[in-house]
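Listing of work.cif, mmCIF, C-alpha atoms and all ligand atoms
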data_input
loop_
_atom_site.label_atom_id
_atom_site.label_comp_id
_atom_site.auth_asym_id
_atom_site.auth_seq_id
_atom_site.Cartn_x
_atom_site.Cartn_y
_atom_site.Cartn_z
CA MET A 1 104.16 150.77 59.25
CA SER A 2 107.44 152.40 58.50
CA ASP A 3 110.60 150.27 58.53
CA ASP A 4 112.42 152.45 60.99
CA LEU A 5 109.93 151.71 63.77
CA ALA A 6 110.86 149.04 66.30
CA ILE A 7 107.65 149.36 68.29
CA GLU A 8 104.18 150.55 67.31
CA VAL A 9 101.44 150.44 69.93
CA ARG A 10 97.91 151.60 69.09
CA ASN A 11 95.18 152.02 71.68
CA LEU A 12 96.43 149.17 73.84
CA VAL A 13 94.19 148.10 76.70
CA ARG A 14 95.06 145.30 79.08
CA VAL A 15 92.59 144.14 81.71
CA PHE A 16 93.32 141.65 84.47
CA GLU A 17 90.36 139.81 85.88
CA SER A 18 90.55 137.59 88.89
CA ARG A 19 87.99 136.12 91.24
CA LYS A 20 88.15 136.22 94.98
CA GLY A 21 85.92 135.84 98.03
CA PHE A 22 83.43 133.12 98.95
CA PHE A 23 83.23 130.62 96.05
CA PHE A 24 85.19 133.19 94.06
CA GLY A 25 81.96 135.12 93.59
CA GLU A 26 83.59 138.53 93.65
CA LYS A 27 85.22 139.74 90.48
CA ASN A 28 88.34 141.83 90.66
CA ARG A 29 88.99 143.91 87.56
CA THR A 30 92.18 145.89 87.01
CA GLU A 31 92.72 147.94 83.89
CA ALA A 32 96.52 147.92 83.86
CA LEU A 33 96.85 149.67 80.47
CA LYS A 34 94.19 152.17 79.40
CA GLY A 35 94.70 152.98 75.74
CA VAL A 36 98.47 153.22 75.36
CA GLU A 37 99.86 154.75 72.16
CA LEU A 38 103.60 154.48 71.60
CA LEU A 39 106.08 154.64 68.73
CA VAL A 40 109.72 153.74 69.18
CA GLY A 41 112.39 154.03 66.48
CA ARG A 42 115.00 151.39 65.75
CA GLY A 43 118.55 151.42 67.02
CA THR A 44 117.93 153.54 70.07
CA ILE A 45 117.45 153.16 73.82
CA PHE A 46 113.90 154.04 74.76
CA GLY A 47 113.07 154.59 78.42
CA LEU A 48 109.70 153.89 80.02
CA LEU A 49 109.35 155.58 83.38
CA GLY A 50 106.59 155.16 85.89
CA PRO A 51 105.82 154.57 89.56
CA ASN A 52 104.87 151.22 91.09
CA GLY A 53 101.79 149.73 89.48
CA ALA A 54 101.88 152.08 86.47
CA GLY A 55 101.81 149.15 84.04
CA LYS A 56 105.47 149.04 82.94
CA THR A 57 105.93 145.30 83.37
CA THR A 58 102.55 144.60 81.79
CA LEU A 59 103.50 146.65 78.71
CA THR A 60 106.97 145.04 78.56
CA LYS A 61 105.45 141.56 78.69
CA ILE A 62 102.94 142.37 75.93
CA LEU A 63 105.70 143.79 73.74
CA SER A 64 107.76 140.66 74.23
CA THR A 65 104.80 138.32 73.43
CA LEU A 66 104.60 136.97 76.98
CA LEU A 67 101.17 138.43 77.63
CA LEU A 68 98.27 139.07 75.25
CA PRO A 69 96.67 142.48 74.76
CA THR A 70 92.99 142.75 75.71
CA THR A 71 92.32 145.17 72.83
CA GLY A 72 94.43 147.31 70.54
CA THR A 73 97.28 146.50 68.18
CA VAL A 74 100.92 146.02 69.02
CA ARG A 75 103.63 145.60 66.42
CA VAL A 76 107.29 144.93 67.16
CA LEU A 77 109.91 145.00 64.36
CA GLY A 78 106.96 145.46 62.02
CA HIS A 79 105.19 142.28 63.13
CA ASP A 80 102.04 141.75 65.15
CA VAL A 81 102.76 140.39 68.66
CA VAL A 82 99.64 138.21 68.59
CA GLU A 83 99.48 136.99 64.99
CA GLU A 84 103.22 136.70 64.43
CA ALA A 85 104.52 135.79 67.87
CA SER A 86 106.50 132.81 66.62
CA TRP A 87 108.28 134.97 64.03
CA LEU A 88 109.07 137.51 66.72
CA ARG A 89 110.21 135.35 69.63
CA PRO A 90 113.68 134.45 68.31
CA ARG A 91 114.27 138.12 67.51
CA ILE A 92 113.36 139.38 70.96
CA GLY A 93 115.39 139.35 74.17
CA LEU A 94 113.65 139.83 77.51
CA VAL A 95 115.30 140.45 80.86
CA LEU A 96 112.89 140.58 83.76
CA GLY A 97 115.69 140.27 86.30
CA GLY A 98 115.44 139.24 89.92
CA GLU A 99 115.95 135.81 91.40
CA ARG A 100 113.84 133.87 88.95
CA GLY A 101 114.81 132.42 85.61
CA LEU A 102 118.28 131.14 86.46
CA TYR A 103 119.31 127.74 87.78
CA ASN A 104 121.18 128.20 91.02
CA ARG A 105 122.72 124.76 91.33
CA ILE A 106 124.67 124.92 88.08
CA ASN A 107 127.28 127.38 86.87
CA ALA A 108 126.82 130.31 84.52
CA ARG A 109 128.12 128.49 81.44
CA GLU A 110 125.76 125.59 82.07
CA ASN A 111 122.86 127.99 82.50
CA LEU A 112 123.68 129.65 79.21
CA ARG A 113 124.11 126.29 77.49
CA TYR A 114 120.60 125.35 78.59
CA PHE A 115 119.14 128.57 77.16
CA ALA A 116 121.23 128.32 73.98
CA ASP A 117 119.65 124.92 73.35
CA LEU A 118 116.21 126.39 73.99
CA TYR A 119 116.90 129.15 71.47
CA GLY A 120 118.12 126.55 68.99
CA ILE A 121 121.66 127.90 68.71
CA PRO A 122 123.66 125.22 66.81
CA PRO A 123 126.06 123.27 69.08
CA VAL A 124 129.12 124.25 67.02
CA GLU A 125 128.40 127.89 67.62
CA ARG A 126 127.08 127.55 71.14
CA ASP A 127 130.18 127.50 73.32
CA ARG A 128 131.86 130.24 71.32
CA ARG A 129 128.78 132.42 71.70
CA ILE A 130 128.63 131.72 75.44
CA THR A 131 132.27 132.77 75.83
CA GLU A 132 131.43 135.94 73.88
CA VAL A 133 128.44 136.97 75.97
CA LEU A 134 130.19 136.20 79.27
CA GLU A 135 133.02 138.44 78.12
CA ARG A 136 130.49 141.04 77.08
CA VAL A 137 128.91 141.26 80.53
CA ASP A 138 132.26 141.00 82.31
CA LEU A 139 131.59 137.62 83.87
CA THR A 140 134.31 135.54 82.21
CA TRP A 141 136.05 135.18 85.56
CA ALA A 142 132.93 133.70 87.15
CA GLY A 143 131.68 131.56 84.26
CA ASP A 144 132.45 128.32 86.09
CA ARG A 145 130.99 129.36 89.41
CA ARG A 146 127.60 128.16 90.51
CA VAL A 147 124.91 130.82 90.27
CA GLU A 148 123.99 130.39 93.94
CA GLU A 149 127.38 131.97 94.71
CA TYR A 150 126.58 134.99 92.58
CA SER A 151 125.83 138.44 94.02
CA ARG A 152 122.72 140.25 92.84
CA GLY A 153 124.73 142.38 90.42
CA MET A 154 126.39 139.29 88.93
CA LYS A 155 122.99 137.62 88.53
CA GLN A 156 121.68 140.70 86.76
CA LYS A 157 124.61 140.56 84.34
CA LEU A 158 123.95 136.89 83.73
CA HIS A 159 120.28 137.68 83.04
CA ILE A 160 121.44 140.17 80.42
CA ALA A 161 123.89 137.63 78.97
CA ARG A 162 120.99 135.23 78.66
CA GLY A 163 118.86 137.95 77.04
CA ILE A 164 121.43 138.65 74.28
CA LEU A 165 122.64 135.08 73.74
CA HIS A 166 120.57 134.57 70.58
CA ARG A 167 121.50 138.00 69.16
CA PRO A 168 118.03 139.57 69.40
CA GLU A 169 117.24 142.62 67.32
CA ILE A 170 115.35 144.16 70.21
CA LEU A 171 116.02 143.78 73.92
CA PHE A 172 113.50 144.48 76.68
CA LEU A 173 114.95 145.25 80.10
CA ASP A 174 112.52 145.58 82.99
CA GLU A 175 114.21 147.67 85.68
CA PRO A 176 117.72 146.49 84.89
CA THR A 177 119.35 148.22 87.86
CA ILE A 178 116.81 147.63 90.60
CA GLY A 179 118.44 146.52 93.84
CA LEU A 180 121.96 147.07 92.55
CA ASP A 181 124.54 149.13 94.42
CA PRO A 182 125.64 152.32 92.63
CA LYS A 183 128.76 150.74 91.15
CA SER A 184 126.97 147.67 89.78
CA ALA A 185 124.15 149.88 88.51
CA ARG A 186 126.68 152.02 86.67
CA GLU A 187 128.33 148.95 85.13
CA THR A 188 124.95 147.68 84.00
CA ARG A 189 124.14 151.03 82.37
CA LYS A 190 127.49 150.97 80.60
CA LEU A 191 126.69 147.50 79.32
CA VAL A 192 123.28 148.66 78.07
CA ARG A 193 124.89 151.55 76.22
CA SER A 194 127.41 149.23 74.58
CA LEU A 195 124.64 146.99 73.23
CA VAL A 196 123.04 149.76 71.27
CA VAL A 197 126.32 150.34 69.44
CA ASP A 198 125.82 146.93 67.83
CA GLY A 199 122.47 148.05 66.47
CA VAL A 200 120.24 146.42 69.08
CA THR A 201 117.12 148.43 69.93
CA ILE A 202 116.64 148.65 73.67
CA PHE A 203 113.43 149.26 75.56
CA LEU A 204 113.96 149.65 79.28
CA THR A 205 111.79 150.48 82.22
CA THR A 206 112.98 152.34 85.26
CA HIS A 207 111.79 154.28 88.30
CA TYR A 208 114.72 156.63 88.05
CA MET A 209 114.71 159.76 85.97
CA PHE A 210 118.50 160.11 86.24
CA GLU A 211 118.90 156.66 84.74
CA ALA A 212 116.62 157.54 81.84
CA GLU A 213 118.51 160.80 81.42
CA GLU A 214 121.82 158.98 81.28
CA LEU A 215 120.72 156.32 78.81
CA CYS A 216 117.71 157.37 76.80
CA PRO A 217 117.39 160.05 74.14
CA GLN A 218 113.62 159.58 74.29
CA VAL A 219 111.45 158.66 77.27
CA ALA A 220 107.79 158.06 78.00
CA VAL A 221 106.17 158.38 81.39
CA LEU A 222 103.47 155.87 82.24
CA SER A 223 101.12 156.63 85.10
CA LYS A 224 98.14 154.48 86.04
CA GLY A 225 98.06 152.78 82.69
CA ARG A 226 98.32 155.93 80.59
CA ILE A 227 101.25 157.56 78.81
CA VAL A 228 101.35 161.05 80.32
CA ALA A 229 104.45 162.24 78.48
CA ASN A 230 106.56 161.05 75.56
CA ASP A 231 109.43 163.34 74.83
CA THR A 232 113.16 163.96 74.85
CA ILE A 233 114.73 164.72 78.22
CA GLY A 234 115.15 168.37 77.16
CA GLY A 235 111.53 168.48 76.05
CA LEU A 236 110.38 167.04 79.36
CA ARG A 237 112.34 169.63 81.26
CA GLN A 238 110.49 172.35 79.39
CA ARG A 239 107.00 170.90 79.59
CA VAL A 240 106.46 171.34 83.26
CA GLY A 241 107.07 175.02 83.66
CA GLY A 242 110.47 176.74 83.36
CA ASP A 243 113.61 175.91 85.12
CA ARG A 244 113.19 177.24 88.64
CA THR A 245 112.01 175.74 91.87
CA ILE A 246 111.40 177.63 95.12
CA GLU A 247 111.16 175.66 98.34
CA VAL A 248 109.43 177.11 101.38
CA GLU A 249 109.58 175.48 104.79
CA ALA A 250 107.77 176.34 108.02
CA TYR A 251 105.71 174.81 110.84
CA GLY A 252 102.57 174.51 108.71
CA PHE A 253 100.76 176.86 106.33
CA GLU A 254 97.20 178.14 106.14
CA ASP A 255 94.97 177.48 103.13
CA ARG A 256 94.83 181.22 102.54
CA GLU A 257 98.61 181.30 102.24
CA LEU A 258 98.61 178.40 99.80
CA SER A 259 96.13 180.27 97.58
CA LEU A 260 98.32 183.35 97.72
CA LEU A 261 101.35 181.36 96.59
CA ARG A 262 99.40 179.65 93.82
CA GLY A 263 98.30 183.06 92.56
CA LEU A 264 101.84 184.44 92.22
CA PRO A 265 102.92 185.32 88.67
CA GLY A 266 104.59 182.43 86.86
CA VAL A 267 103.84 179.82 89.50
CA SER A 268 102.62 176.67 87.74
CA HIS A 269 102.66 174.11 90.56
CA VAL A 270 102.55 174.09 94.34
CA THR A 271 103.03 170.77 96.09
CA GLY A 272 103.38 170.07 99.81
CA GLU A 273 105.26 167.49 101.87
CA GLU A 274 105.45 166.99 105.60
CA PHE A 275 108.77 166.64 107.38
CA GLY A 276 107.89 165.78 110.97
CA PRO A 277 106.56 169.02 112.46
CA ARG A 278 107.66 171.04 109.43
CA MET A 279 105.99 171.38 106.08
CA ARG A 280 107.77 171.98 102.80
CA LEU A 281 106.06 173.58 99.82
CA THR A 282 107.65 173.25 96.41
CA LEU A 283 106.77 175.92 93.86
CA ARG A 284 107.50 175.50 90.18
CA VAL A 285 108.17 178.95 88.75
CA ARG A 286 108.06 179.80 85.07
CA THR A 287 109.33 183.34 84.98
CA TRP A 288 111.57 185.67 86.93
CA GLU A 289 108.59 187.66 88.17
CA THR A 290 108.43 185.74 91.42
CA THR A 291 111.55 185.74 93.57
CA PRO A 292 112.25 183.97 96.89
CA GLU A 293 112.15 187.41 98.59
CA GLN A 294 108.61 188.06 97.32
CA VAL A 295 107.53 184.66 98.57
CA GLY A 296 109.03 185.42 101.99
CA LEU A 297 107.16 188.77 102.15
CA LEU A 298 103.85 186.99 101.52
CA LEU A 299 104.36 184.79 104.57
CA PRO A 300 104.89 187.05 107.59
CA GLY A 301 104.63 185.73 111.14
CA HIS A 302 106.24 182.33 110.56
CA PRO A 303 109.02 181.56 113.01
CA GLU A 304 111.94 179.90 111.27
CA LEU A 305 110.55 180.34 107.77
CA SER A 306 113.03 179.20 105.17
CA VAL A 307 112.78 180.14 101.49
CA ARG A 308 115.36 179.03 98.97
CA GLU A 309 115.66 178.62 95.26
CA ARG A 310 117.18 175.67 93.49
CA ARG A 311 117.35 174.41 89.97
CA THR A 312 114.43 172.20 88.89
CA SER A 313 115.66 168.63 88.57
CA LEU A 314 114.32 166.11 86.11
CA GLU A 315 113.14 164.12 89.09
CA ASP A 316 110.88 167.13 89.93
CA VAL A 317 109.53 167.15 86.41
CA TYR A 318 108.81 163.44 86.61
CA LEU A 319 107.04 163.76 89.96
CA ASP A 320 104.96 166.65 88.63
CA LEU A 321 103.86 164.53 85.68
CA VAL A 322 102.95 161.57 87.81
CA GLU A 323 101.15 163.77 90.32
CA GLU A 324 99.23 165.63 87.64
CA GLU A 325 97.79 162.33 86.55
CA ALA A 326 96.89 161.39 90.11
CA ASN A 327 94.91 164.60 90.70
N1 LIG A 401 98.68 138.90 86.75
C1 LIG A 401 98.02 139.95 87.24
N2 LIG A 401 96.77 139.80 87.77
C2 LIG A 401 96.09 140.85 88.25
N3 LIG A 401 96.54 142.12 88.24
C3 LIG A 401 97.77 142.33 87.74
C4 LIG A 401 98.58 141.27 87.22
N4 LIG A 401 99.75 141.79 86.79
C5 LIG A 401 99.67 143.11 87.04
N5 LIG A 401 98.49 143.45 87.59
C6 LIG A 401 98.05 144.81 87.96
O1 LIG A 401 98.28 145.67 86.88
C7 LIG A 401 98.77 146.94 87.32
C8 LIG A 401 100.09 147.23 86.67
O2 LIG A 401 101.07 146.32 87.14
P1 LIG A 401 102.57 146.27 86.57
O3 LIG A 401 103.25 145.15 87.24
O4 LIG A 401 102.53 146.27 85.09
O5 LIG A 401 103.16 147.67 87.09
P2 LIG A 401 104.65 148.20 87.08
O6 LIG A 401 104.64 149.55 86.48
O7 LIG A 401 105.55 147.18 86.46
O8 LIG A 401 104.97 148.34 88.63
P3 LIG A 401 106.35 148.14 89.44
O9 LIG A 401 107.09 149.42 89.29
O10 LIG A 401 105.90 147.92 90.84
O11 LIG A 401 107.07 146.96 88.86
C9 LIG A 401 98.82 146.84 88.83
O12 LIG A 401 97.64 147.41 89.34
C10 LIG A 401 98.87 145.36 89.10
O13 LIG A 401 98.30 145.05 90.35
MG MG A 402 107.20 146.14 87.13
#
Mind turning this structure into structure tokens?
Ligand SMILES: Nc1ncnc2c1ncn2[C@@H]1O[C@H](COP(=O)(O)OP(=O)(O)OP(=O)(O)O)[C@@H](O)[C@H]1O
Ligand SMILES: [Mg+2]
Amino acid sequence: MSDDLAIEVRNLVRVFESRKGFFFGEKNRTEALKGVELLVGRGTIFGLLGPNGAGKTTLTKILSTLLLPTTGTVRVLGHDVVEEASWLRPRIGLVLGGERGLYNRINARENLRYFADLYGIPPVERDRRITEVLERVDLTWAGDRRVEEYSRGMKQKLHIARGILHRPEILFLDEPTIGLDPKSARETRKLVRSLVVDGVTIFLTTHYMFEAEELCPQVAVLSKGRIVANDTIGGLRQRVGGDRTIEVEAYGFEDRELSLLRGLPGVSHVTGEEFGPRMRLTLRVRTWETTPEQVGLLLPGHPELSVRERRTSLEDVYLDLVEEEAN
């Protein structure tokens, strides 16, 4: 494997098996990852996008040696996550976030002291390092406050402080901004960006395309256990048909009309959504051949028909990718 790779995943499958029912006779089998292939370079922020249940946390846990692969090979920093887990662990930071993993009854410094001891940070260095990371995540002012008094955003920052305490070479962040208000989310993203300047490789998962766009030069989209795209943001924008989106709204459409729209020149996608009594169709259009006026002419006899054109957002591209997989 080449030295500039931080992550190398080959044909990774992860199956969860559990038993349920009378005397646990029924077997429940979930294939959370179905042959994932992924390469991530060092010194960058890599974004993994995907809807609920796509397998993001499962992949993050395997990469950070918390969970074993069922089959396939996974190397991080050039080392196998199964065979060389003990070499890897001190070099990896993992932030799963949420309410778990912090001690509420003690203050932030005491929490970090506990983890510093776990990581084997020498006592002479420990308190200096704790001061450094608290400063880094902008929590110096609250270092002596008990964690139970912390807001969600402050807890998230403390999770990150904990994740970087032992100066990992690679940091895994599972949905670092989930549940944060826009200001705290922005501060967290700023913090993430600042970490990469120090040479840390960052692998983060998110549901939000705009977050990936803001932070990540390269992103992969995971859907139902499969990578359905792995590209730059610009590349992603191009993959799913041109740059234009036409939205059509009315009180319902006939199948015949849908076929007509699908058959228009340059139309690569037609998706529908209900809005109470109204229905909105979203057309992805690749060329200039089809205009909103032409679409309107194809749909006579609709009271209050609305046709408008807007720029295709990255969120649209993401939803197209995830939907393509679902169909
Ligand atoms: N310990 C487990 N036992 C059984 N099934 C599991 C377990 N952990 C995850 N799964 C299943 O694996 C699939 C992927 O779950 P995972 O948590 O990795 O998704 P995710 O992309 O992180 O979703 P979310 O966005 O909701 O966090 C789901 O179908 C989930 O139910
Ligand atoms: Mg998850």
Open item on the list: List as JSON, numbers by chain the protein and nucleic acid residues lying within 12 Å of ligand LIG 401 (chain A), with all atoms listed in the file counted.
Closed with: {"A": [13, 14, 15, 16, 17, 18, 19, 20, 27, 28, 29, 30, 31, 32, 33, 34, 48, 49, 50, 51, 52, 53, 54, 55, 56, 57, 58, 59, 60, 61, 62, 66, 67, 68, 96, 97, 98, 173, 174, 175, 176, 178, 204, 205, 206, 207, 208, 221, 222, 223, 224, 225, 226, 227]}
Open item on the list: Around the point (101.1, 186.2, 97.4) (coordinates from the file), which residues reach within 12 Å if we count all atoms listed in the file? Answer as number ranges by chain.
Closed with: A: 256-267, 289-300
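Shortest atom-to-atom contact with Glu37 of chain A among A:Glu132, A:Arg152, A:Ala229, A:Arg100: A:Ala229, counting all atoms listed in the file.
Nearest-residue note for ligand MG 402 (chain A): choosing from A:Ala85, A:Val137, A:Val9, A:Val95, the minimum distance belongs to A:Val95, counting all atoms listed in the file.
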TODO: For Gly78 of chain A, work out the shell of residues within 12 Å, counting only C-alpha atoms and skipping chain neighbours fewer than 3 positions away, then give it as a PyMOL selection string.
DONE: chain A and resi 1-9+39-42+63+73-75+81+83-85+87-88+91+169-170
Task: For Ile164 of chain A: contacts at 10 Å, only C-alpha atoms, fewer than 3 positions along chain excluded, given as a VMD selection string - done: chain A and resid 91 to 95 129 133 136 158 to 161 167 to 171 195 200
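Excluding Gly143 of chain A itself and same-chain residues fewer than 5 positions from it, the residues having an atom within 12 Å of it are A:Ile106, A:Asn107, A:Ala108, A:Arg109, A:Glu110, A:Asn111, A:Leu112, A:Arg113, A:Asp127, A:Ile130, A:Thr131, A:Glu132, A:Val133, A:Leu134, A:Glu135, A:Arg136, A:Val137, A:Asp138, A:Glu149, A:Tyr150, A:Met154, A:Lys155, A:Lys157, A:Leu158, A:Ala161, counting only C-alpha atoms.
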I'd like the box whose edges run along x, y and z of the file and which contains every listed atom of segment 82-99 of chain A, padded by 8 Å per side; could you state its centre and edge lengths in Å, one decimal, as JSON?
{"center_x": 107.7, "center_y": 136.7, "center_z": 77.7, "size_x": 32.5, "size_y": 23.8, "size_z": 43.4}
Task: Nearest to Arg308 of chain A by atom-to-atom distance, counting all atoms listed in the file, from A:Ile246, A:Ala220, A:Ile202, A:Ala116 - done: A:Ile246
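Our summary of the geometry notes that atom CA of Phe115 of chain A is positioned 7.1 Å from atom CA of Arg162 of chain A.
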- [ ] Skip Phe203 of chain A itself and residues of its chain fewer than 2 positions away, then list as a ChimeraX atom specification all residues within 6 Å of it, counting all atoms listed in the file.
- [x] /A:45-46,172
Open item on the list: Applying 10 Å and only C-alpha atoms, which residues near segment 309-317 of chain A remain after dropping the ones on its own chain fewer than 5 positions away? List them as a ChimeraX atom specification.
Closed with: /A:207-210,212-213,233-234,236-248,282-285,291-292,322-323
Same residues, C-alpha atoms, output as a compact mmCIF listing (two decimals), in the frame of the given file:
# COMPACT_ATOMS: atom_id res chain seq x y z
CA HIS A 207 111.79 154.28 88.30
CA TYR A 208 114.72 156.63 88.05
CA MET A 209 114.71 159.76 85.97
CA PHE A 210 118.50 160.11 86.24
CA ALA A 212 116.62 157.54 81.84
CA GLU A 213 118.51 160.80 81.42
CA ILE A 233 114.73 164.72 78.22
CA GLY A 234 115.15 168.37 77.16
CA LEU A 236 110.38 167.04 79.36
CA ARG A 237 112.34 169.63 81.26
CA GLN A 238 110.49 172.35 79.39
CA ARG A 239 107.00 170.90 79.59
CA VAL A 240 106.46 171.34 83.26
CA GLY A 241 107.07 175.02 83.66
CA GLY A 242 110.47 176.74 83.36
CA ASP A 243 113.61 175.91 85.12
CA ARG A 244 113.19 177.24 88.64
CA THR A 245 112.01 175.74 91.87
CA ILE A 246 111.40 177.63 95.12
CA GLU A 247 111.16 175.66 98.34
CA VAL A 248 109.43 177.11 101.38
CA THR A 282 107.65 173.25 96.41
CA LEU A 283 106.77 175.92 93.86
CA ARG A 284 107.50 175.50 90.18
CA VAL A 285 108.17 178.95 88.75
CA THR A 291 111.55 185.74 93.57
CA PRO A 292 112.25 183.97 96.89
CA VAL A 322 102.95 161.57 87.81
CA GLU A 323 101.15 163.77 90.32
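Closest to Gly301 of chain A among A:Glu274, A:Asp198, A:Asp320, A:Glu254 is A:Glu254, based on all atoms listed in the file.
For the pair atom CA of Val82 of chain A and atom CA of Ser64 of chain A, the interatomic distance is 10.2 Å.
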